[in-house]
Amino acid sequence: PKKKTSGGWTSPKIVDDFGNYAAAVFKELGGTGKGKATDFLTMNEPKNAAFLGYAIGVHAPFLKVPPTNATLGWTALLHMLEAHAAAVKAYKKAGLKGRIGVALDSEWTLPVDPEKDTAAAQRYIDYRLGSFADPLYFGQWPASVRERLEPTGELPPIPRALSEFLVENRPKTFFLNYYTAKYIWEKPGKRCGYGKRGREREGEREKARARGRGGGRERERGRERRGGGKGGRVGERARREKKRRKQKGSLSTRPSRTKKIFQKNEKNLKKRR
């Protein structure tokens, strides 16, 4: 039988649950004594959790939405904002005096052509970083996000009470996980970030993979063409390569370049000592 679920981040019930969880954490771990803390992050990379889990479906709970609708992802993100607010209330109630915030993530963007692509680069930042940072600090979704998604009905409104609370209790420190930078250019008709076009391409890839799987004998032929069957050309090459390696000595038994460098550094350290 199919298990019943509460809906995760798409359900408003999670807000109170998260607030209670945060209160328990602050009670056990909060304070100034030994082994206690005054600084807390309520969430790590919420935008990824919302859209990779509830729109694209590559992270738990692996929910994929129709390629033209990301309502679940934005709903999850709104509930995360509400859950953060519940955690801040619990933090204040616990009497802790420190910093509380959210660890966001984003890449930096550079326009390929400063004259033509600057607006596109800014839109990417609005979607990638501003979708959580703007409500957290300014109480509303970024203007470019509202402009593109409000007409589609995908973007839920931020309640006024939540907006005011977030602005009044904005984090004192901006926490950011930063990994890399990207060049961005304008493509007429395309939507930034986790917009419609990206999900359409994902849907097209899924259909292509489904067509490639085929059925019965078709799958067998596919495996043979890819080298998985006895008559596959790639399979024959793989067998010859395996035989050659066996005669020469397994790659796994030979020290890798990284291991050699490490061993060399170890010898140099011993000499210095």
# chains A, B, ... in the order shown; residues from 1 in each chain; ligands from 1
$ select_by_dssp --residues "range 62-186 of chain A" --states "strand (DSSP E or B)" --output "count of residues only"
22
$ residues_around --residues "Ala60 in chain A" --least-positions-apart "5" --cutoff "10 Å" --atoms "only C-alpha atoms" --output "compact mmCIF listing (two decimals) with N, CA and C atoms, in the first residue's frame"
# COMPACT_ATOMS: atom_id res chain seq x y z
N ALA A 49 16.99 22.99 -2.07
CA ALA A 49 16.07 22.01 -1.49
C ALA A 49 14.68 22.13 -2.09
N ALA A 50 14.24 23.37 -2.35
CA ALA A 50 12.89 23.59 -2.88
C ALA A 50 12.76 23.13 -4.32
N LEU A 52 15.20 21.53 -6.47
CA LEU A 52 15.75 20.23 -6.85
C LEU A 52 14.91 19.09 -6.28
N GLY A 53 14.18 19.38 -5.20
CA GLY A 53 13.33 18.36 -4.59
C GLY A 53 11.89 18.38 -5.05
N TYR A 54 11.37 19.58 -5.35
CA TYR A 54 9.93 19.71 -5.62
C TYR A 54 9.61 20.26 -7.01
$ closest_residue --among "A:His79, A:Arg123, A:Lys172, A:Lys242" --to "Ile184 in chain A" --atoms "only C-alpha atoms"
A:Arg123
$ residues_around --residues "Ser106 in chain A" --least-positions-apart "5" --cutoff "7 Å" --atoms "only C-alpha atoms" --output "number ranges by chain"
A: 128-129, 177-178
$ write_last_selection --atoms "all heavy atoms" --output "compact mmCIF listing (two decimals), in the first residue's frame"
# COMPACT_ATOMS: atom_id res chain seq x y z
N ARG A 128 18.60 33.03 -8.84
CA ARG A 128 19.48 32.09 -8.13
C ARG A 128 19.69 32.47 -6.67
O ARG A 128 19.70 31.61 -5.80
CB ARG A 128 20.84 32.04 -8.85
CG ARG A 128 21.74 30.91 -8.40
CD ARG A 128 21.23 29.59 -8.93
NE ARG A 128 22.07 28.48 -8.48
CZ ARG A 128 21.93 27.86 -7.32
NH1 ARG A 128 20.99 28.23 -6.48
NH2 ARG A 128 22.71 26.86 -6.99
N LEU A 129 19.87 33.75 -6.41
CA LEU A 129 20.15 34.22 -5.05
C LEU A 129 18.98 35.02 -4.47
O LEU A 129 18.57 34.81 -3.32
CB LEU A 129 21.41 35.08 -5.05
CG LEU A 129 21.84 35.71 -3.72
CD1 LEU A 129 22.16 34.63 -2.70
CD2 LEU A 129 23.06 36.60 -3.93
N ASN A 177 27.26 30.41 0.51
CA ASN A 177 28.12 29.35 -0.03
C ASN A 177 28.39 29.72 -1.49
O ASN A 177 27.47 29.78 -2.29
CB ASN A 177 27.42 27.99 0.03
CG ASN A 177 27.16 27.54 1.46
OD1 ASN A 177 27.88 27.90 2.37
ND2 ASN A 177 26.12 26.75 1.64
N TYR A 178 29.65 29.94 -1.79
CA TYR A 178 30.01 30.38 -3.15
C TYR A 178 30.93 29.35 -3.79
O TYR A 178 31.91 28.92 -3.18
CB TYR A 178 30.71 31.74 -3.08
CG TYR A 178 31.25 32.21 -4.41
CD1 TYR A 178 30.39 32.78 -5.35
CD2 TYR A 178 32.59 32.07 -4.73
CE1 TYR A 178 30.87 33.20 -6.58
CE2 TYR A 178 33.08 32.49 -5.95
CZ TYR A 178 32.21 33.05 -6.87
OH TYR A 178 32.68 33.45 -8.09
$ residues_around --residues "Gly98 in chain A" --least-positions-apart "4" --cutoff "10 Å" --atoms "only C-alpha atoms" --output "list in words"
Gly30, Gly31, Thr32, Ala37, Thr38, Asp39, Phe40, Tyr91, Lys92 and Lys172 of chain A
$ closest_residue --among "A:Trp74, A:Phe62, A:Trp185, A:Trp9" --to "Thr118 in chain A" --atoms "only C-alpha atoms"
A:Trp185
$ closest_residue --among "A:Pro114, A:Gly19, A:Pro61, A:Pro66" --to "Leu81 in chain A" --atoms "only C-alpha atoms"
A:Gly19
$ atom_distance --atom1 "CA of Asn69 in chain A" --atom2 "CA of Ala121 in chain A"
23.0 Å
$ atom_distance --atom1 "CA of Lys27 in chain A" --atom2 "CA of Gly8 in chain A"
24.3 Å
$ closest_residue --among "A:Leu149, A:Leu136, A:Ala143, A:Val112" --to "Val88 in chain A" --atoms "only C-alpha atoms"
A:Leu136
$ decode --residues "range 132-154 of chain A" --atoms "N, CA, C and O atoms" --output "compact mmCIF listing (two decimals), in the first residue's frame"
# COMPACT_ATOMS: atom_id res chain seq x y z
N PHE A 132 15.48 33.87 -2.43
CA PHE A 132 15.37 33.74 -0.97
C PHE A 132 15.94 34.96 -0.26
O PHE A 132 15.42 35.39 0.77
N ALA A 133 17.00 35.54 -0.81
CA ALA A 133 17.64 36.68 -0.15
C ALA A 133 16.74 37.91 -0.12
O ALA A 133 16.68 38.63 0.89
N ASP A 134 16.04 38.19 -1.22
CA ASP A 134 15.18 39.38 -1.25
C ASP A 134 14.04 39.31 -0.23
O ASP A 134 13.83 40.27 0.52
N PRO A 135 13.30 38.20 -0.14
CA PRO A 135 12.28 38.12 0.91
C PRO A 135 12.90 38.19 2.31
O PRO A 135 12.32 38.79 3.22
N LEU A 136 14.07 37.60 2.47
CA LEU A 136 14.72 37.56 3.77
C LEU A 136 15.12 38.95 4.26
O LEU A 136 15.03 39.25 5.45
N TYR A 137 15.54 39.81 3.33
CA TYR A 137 16.02 41.14 3.70
C TYR A 137 15.05 42.27 3.36
O TYR A 137 15.04 43.30 4.03
N PHE A 138 14.26 42.09 2.31
CA PHE A 138 13.38 43.16 1.85
C PHE A 138 11.90 42.80 1.91
O PHE A 138 11.04 43.63 1.62
N GLY A 139 11.58 41.55 2.22
CA GLY A 139 10.19 41.15 2.43
C GLY A 139 9.39 40.87 1.18
O GLY A 139 8.17 40.73 1.25
N GLN A 140 10.03 40.77 0.00
CA GLN A 140 9.28 40.48 -1.22
C GLN A 140 10.17 39.78 -2.24
O GLN A 140 11.40 39.85 -2.16
N TRP A 141 9.52 39.10 -3.20
CA TRP A 141 10.27 38.45 -4.27
C TRP A 141 10.95 39.51 -5.13
O TRP A 141 10.46 40.63 -5.23
N PRO A 142 12.06 39.16 -5.78
CA PRO A 142 12.71 40.12 -6.69
C PRO A 142 11.75 40.59 -7.79
O PRO A 142 10.87 39.84 -8.24
N ALA A 143 11.92 41.82 -8.23
CA ALA A 143 11.01 42.41 -9.22
C ALA A 143 10.98 41.60 -10.52
O ALA A 143 9.92 41.39 -11.11
N SER A 144 12.15 41.14 -10.98
CA SER A 144 12.19 40.40 -12.25
C SER A 144 11.49 39.05 -12.12
O SER A 144 10.90 38.55 -13.09
N VAL A 145 11.53 38.45 -10.92
CA VAL A 145 10.84 37.17 -10.69
C VAL A 145 9.33 37.40 -10.71
O VAL A 145 8.58 36.65 -11.33
N ARG A 146 8.89 38.48 -10.03
CA ARG A 146 7.46 38.79 -10.00
C ARG A 146 6.94 39.11 -11.41
O ARG A 146 5.86 38.68 -11.81
N GLU A 147 7.74 39.85 -12.15
CA GLU A 147 7.33 40.26 -13.50
C GLU A 147 7.08 39.04 -14.40
O GLU A 147 6.15 39.01 -15.19
N ARG A 148 7.91 38.00 -14.25
CA ARG A 148 7.82 36.86 -15.15
C ARG A 148 6.88 35.76 -14.65
O ARG A 148 6.29 35.04 -15.45
N LEU A 149 6.74 35.62 -13.32
CA LEU A 149 6.02 34.46 -12.80
C LEU A 149 4.64 34.77 -12.22
O LEU A 149 3.81 33.88 -12.11
N GLU A 150 4.40 36.00 -11.82
CA GLU A 150 3.06 36.32 -11.32
C GLU A 150 1.98 36.11 -12.39
O GLU A 150 0.91 35.57 -12.09
N PRO A 151 2.22 36.50 -13.65
CA PRO A 151 1.19 36.27 -14.68
C PRO A 151 0.88 34.79 -14.91
O PRO A 151 -0.22 34.45 -15.32
N THR A 152 1.83 33.90 -14.63
CA THR A 152 1.62 32.46 -14.86
C THR A 152 0.91 31.79 -13.69
O THR A 152 0.49 30.64 -13.80
N GLY A 153 0.83 32.49 -12.54
CA GLY A 153 0.21 31.91 -11.36
C GLY A 153 1.12 30.97 -10.59
O GLY A 153 0.69 30.31 -9.64
N GLU A 154 2.40 30.90 -10.96
CA GLU A 154 3.34 30.00 -10.29
C GLU A 154 3.85 30.57 -8.96
O GLU A 154 4.27 29.81 -8.09
